[in-house]
Amino acid sequence: MKKYVLFLFSLLTLLCIVTGCGGEKKAEGPKVLKVGTEVTFPPFEFREKGSKEISGFDMDLIRAVGKKLDMQVEILDMDFEALIPAVKRGNLNLVIAGMTITPDRQKIVDMSEPYYESGLSLVVRKENTSLQKPEDLKGRAVAVQLGTTGEEKAKQLAGDKVRSFKTNEEVFQALKEKAVDAIILDKPVAQYYINKHHPDAVIVGDTFAKESYGIVTRRHGELTPKINKALAELKQSGEYDKIYEKWFGKEPAKK
Ligand code: ARG
């Protein structure tokens, strides 16, 4: 009897070694997609009050892309200006952060086909009627997020009085406290902040030049075509439109 039990036991042990004891076969499981973003950019990426989870249009879109690629998506919040260097070093597989496709960025990283049409706008305090158009910004203090196209635009228009902050919360705070006279920020994001948190601020004038957002991947990496294919499929299947409508309502989808 004892012998029999012992035999059974060793058989089980052997089986366990061969099959990996019911554990996940790691090599074949879905691979992880390390995604970088910066979370003070609602409704593209932000933390709802009291929640740790990062939500937004970009987040839903990249999770849908991850599904298409059969990869698990892990989202990491970083400083905006650190995102491209992290992709370059290989610490991130990709970035989705409402990032505008620009020739300068395309020299360093790959950017996907556009997934959202946007543009910069000018924000001032409601009571400030002296600032109406870009030319009025000359020599004025303007708040922007560090490393953004808004920062670049502000430097062109206002000169060296531009103040760059790590987060857009600080950008709006600076306007509120009258440390600056204006903000330059992507229009849908400016609109969101004004509606939700800063009713005493207002967008003035037209949007500056059109900008398109793209997903960032390593230059000449194998991921770029896969991302483009996934995006095209999501647009084709109507999944993109669903995500768009969830965050922006029923206007015609801007592709
Ligand atoms: N579209 C602008 C840019 O590309 C701002 C993006 C800021 N994104 C963010 N997640 N904070 O420079």
# chains A, B, ... in the order shown; residues from 1 in each chain; ligands from 1
call {"tool": "residues_near_ligand", "arguments": {"ligand": "ligand 1", "cutoff": "7 Å", "atoms": "only C-alpha atoms and all ligand atoms", "output": "JSON, numbers by chain"}}
result
{"A": [37, 38, 39, 40, 41, 45, 80, 97, 98, 99, 100, 147, 148, 149, 150, 186, 213]}
call {"tool": "select_by_dssp", "arguments": {"residues": "range 54-114 of chain A", "states": "helix (DSSP H, G or I)", "output": "PyMOL selection string"}}
result
chain A and resi 57-68+80-89+103-106
call {"tool": "write_last_selection", "arguments": {"atoms": "C-alpha atoms", "output": "PDB file, in the first residue's frame"}}
result
ATOM      1  CA  PHE A  57     -10.974  58.370 -25.233  1.00  0.00           C
ATOM      2  CA  ASP A  58      -7.320  57.441 -25.798  1.00  0.00           C
ATOM      3  CA  MET A  59      -7.497  54.766 -23.112  1.00  0.00           C
ATOM      4  CA  ASP A  60     -10.563  53.086 -24.624  1.00  0.00           C
ATOM      5  CA  LEU A  61      -8.990  53.295 -28.054  1.00  0.00           C
ATOM      6  CA  ILE A  62      -5.678  51.749 -27.013  1.00  0.00           C
ATOM      7  CA  ARG A  63      -7.427  48.977 -25.075  1.00  0.00           C
ATOM      8  CA  ALA A  64      -9.351  48.154 -28.247  1.00  0.00           C
ATOM      9  CA  VAL A  65      -6.087  48.179 -30.219  1.00  0.00           C
ATOM     10  CA  GLY A  66      -4.525  45.887 -27.601  1.00  0.00           C
ATOM     11  CA  LYS A  67      -7.377  43.425 -28.045  1.00  0.00           C
ATOM     12  CA  LYS A  68      -6.814  43.404 -31.794  1.00  0.00           C
ATOM     13  CA  PHE A  80       4.556  64.478 -20.939  1.00  0.00           C
ATOM     14  CA  GLU A  81       8.064  65.448 -21.974  1.00  0.00           C
ATOM     15  CA  ALA A  82       9.420  62.081 -20.790  1.00  0.00           C
ATOM     16  CA  LEU A  83       7.156  60.038 -23.066  1.00  0.00           C
ATOM     17  CA  ILE A  84       9.069  60.171 -26.353  1.00  0.00           C
ATOM     18  CA  PRO A  85      12.463  59.519 -24.724  1.00  0.00           C
ATOM     19  CA  ALA A  86      10.940  56.471 -22.986  1.00  0.00           C
ATOM     20  CA  VAL A  87       9.754  55.037 -26.321  1.00  0.00           C
ATOM     21  CA  LYS A  88      13.147  55.725 -27.817  1.00  0.00           C
ATOM     22  CA  ARG A  89      14.924  53.868 -25.023  1.00  0.00           C
ATOM     23  CA  PRO A 103       7.746  66.511 -38.454  1.00  0.00           C
ATOM     24  CA  ASP A 104      10.129  67.069 -35.522  1.00  0.00           C
ATOM     25  CA  ARG A 105       8.683  64.164 -33.560  1.00  0.00           C
ATOM     26  CA  GLN A 106       8.661  61.976 -36.663  1.00  0.00           C
TER      27      GLN A 106
END
call {"tool": "residues_around", "arguments": {"residues": "Ala143 in chain A", "least_positions_apart": "5", "cutoff": "8 Å", "atoms": "only C-alpha atoms", "output": "CSV table (one decimal) with all heavy atoms, in the first residue's frame"}}
result
chain,number,residue,atom,x,y,z
A,162,VAL,N,6.7,83.0,-21.6
A,162,VAL,CA,5.9,81.8,-21.5
A,162,VAL,C,6.3,81.0,-20.2
A,162,VAL,O,7.5,80.9,-19.9
A,162,VAL,CB,6.2,80.9,-22.8
A,162,VAL,CG1,5.5,79.6,-22.6
A,162,VAL,CG2,5.6,81.6,-24.0
A,163,ARG,N,5.3,80.5,-19.5
A,163,ARG,CA,5.6,79.7,-18.4
A,163,ARG,C,5.1,78.3,-18.6
A,163,ARG,O,3.9,78.0,-18.8
A,163,ARG,CB,5.0,80.3,-17.1
A,163,ARG,CG,5.6,81.6,-16.8
A,163,ARG,CD,5.2,82.1,-15.4
A,163,ARG,NE,5.3,81.1,-14.4
A,163,ARG,CZ,4.8,81.2,-13.2
A,163,ARG,NH1,4.1,82.3,-12.8
A,163,ARG,NH2,5.0,80.3,-12.3
A,164,SER,N,6.1,77.3,-18.5
A,164,SER,CA,5.7,75.9,-18.8
A,164,SER,C,5.6,75.1,-17.5
A,164,SER,O,6.4,75.2,-16.6
A,164,SER,CB,6.8,75.3,-19.6
A,164,SER,OG,7.0,76.1,-20.8
A,165,PHE,N,4.5,74.3,-17.4
A,165,PHE,CA,4.2,73.5,-16.2
A,165,PHE,C,4.1,72.1,-16.6
A,165,PHE,O,3.9,71.7,-17.8
A,165,PHE,CB,2.9,73.9,-15.6
A,165,PHE,CG,2.8,75.4,-15.1
A,165,PHE,CD1,2.4,76.4,-16.0
A,165,PHE,CD2,3.2,75.6,-13.8
A,165,PHE,CE1,2.4,77.7,-15.5
A,165,PHE,CE2,3.2,77.0,-13.3
A,165,PHE,CZ,2.8,78.0,-14.2
A,171,VAL,N,-1.4,74.5,-15.1
A,171,VAL,CA,-1.6,75.5,-16.1
A,171,VAL,C,-2.9,76.4,-15.8
A,171,VAL,O,-2.8,77.6,-15.8
A,171,VAL,CB,-1.7,74.9,-17.5
A,171,VAL,CG1,-2.2,75.8,-18.6
A,171,VAL,CG2,-0.3,74.3,-18.0
A,172,PHE,N,-4.0,75.6,-15.5
A,172,PHE,CA,-5.2,76.4,-15.2
A,172,PHE,C,-5.1,77.1,-13.9
A,172,PHE,O,-5.7,78.2,-13.7
A,172,PHE,CB,-6.4,75.4,-15.2
A,172,PHE,CG,-7.0,75.3,-16.6
A,172,PHE,CD1,-6.6,74.3,-17.5
A,172,PHE,CD2,-8.0,76.2,-17.0
A,172,PHE,CE1,-7.2,74.3,-18.8
A,172,PHE,CE2,-8.5,76.1,-18.3
A,172,PHE,CZ,-8.1,75.2,-19.2
A,174,ALA,N,-2.5,78.5,-12.7
A,174,ALA,CA,-1.8,79.8,-12.9
A,174,ALA,C,-2.7,80.8,-13.5
A,174,ALA,O,-2.5,82.0,-13.2
A,174,ALA,CB,-0.6,79.5,-13.9
A,175,LEU,N,-3.6,80.5,-14.4
A,175,LEU,CA,-4.5,81.4,-15.0
A,175,LEU,C,-5.5,82.0,-13.9
A,175,LEU,O,-5.7,83.2,-13.8
A,175,LEU,CB,-5.3,80.8,-16.1
A,175,LEU,CG,-6.3,81.8,-16.8
A,175,LEU,CD1,-5.5,82.7,-17.7
A,175,LEU,CD2,-7.3,81.0,-17.6
A,180,VAL,N,-0.6,84.3,-14.9
A,180,VAL,CA,-0.5,84.5,-16.3
A,180,VAL,C,-1.8,85.1,-16.8
A,180,VAL,O,-2.8,85.1,-16.1
A,180,VAL,CB,-0.3,83.1,-17.0
A,180,VAL,CG1,1.0,82.5,-16.6
A,180,VAL,CG2,-1.4,82.2,-16.8
A,181,ASP,N,-1.7,85.6,-18.1
A,181,ASP,CA,-2.9,86.2,-18.7
A,181,ASP,C,-3.7,85.2,-19.6
A,181,ASP,O,-4.8,85.5,-19.9
A,181,ASP,CB,-2.5,87.4,-19.5
A,181,ASP,CG,-1.9,88.5,-18.7
A,181,ASP,OD1,-2.4,88.7,-17.6
A,181,ASP,OD2,-0.9,89.0,-19.1
A,182,ALA,N,-3.0,84.2,-20.0
A,182,ALA,CA,-3.6,83.3,-21.0
A,182,ALA,C,-3.0,81.9,-21.0
A,182,ALA,O,-2.0,81.7,-20.3
A,182,ALA,CB,-3.4,83.9,-22.4
A,183,ILE,N,-3.7,81.0,-21.6
A,183,ILE,CA,-3.3,79.6,-21.8
A,183,ILE,C,-3.3,79.3,-23.2
A,183,ILE,O,-4.3,79.7,-23.9
A,183,ILE,CB,-4.2,78.7,-21.0
A,183,ILE,CG1,-4.1,78.8,-19.5
A,183,ILE,CG2,-4.0,77.2,-21.4
A,183,ILE,CD1,-5.2,78.0,-18.7
A,184,ILE,N,-2.4,78.5,-23.7
A,184,ILE,CA,-2.6,77.8,-25.0
A,184,ILE,C,-2.6,76.3,-24.9
A,184,ILE,O,-1.7,75.7,-24.3
A,184,ILE,CB,-1.5,78.3,-26.1
A,184,ILE,CG1,-1.7,79.8,-26.3
A,184,ILE,CG2,-1.7,77.5,-27.4
A,184,ILE,CD1,-0.7,80.3,-27.4
call {"tool": "closest_residue", "arguments": {"among": "A:Gly249, A:Gly90, A:Pro42, A:Gly36", "to": "Asp77 in chain A", "atoms": "only C-alpha atoms"}}
result
A:Gly36
call {"tool": "residues_around", "arguments": {"residues": "Pro134 in chain A", "least_positions_apart": "5", "cutoff": "12 Å", "atoms": "only C-alpha atoms", "output": "number ranges by chain"}}
result
A: 120-124, 139-140, 142, 153-158, 182-184, 203-209
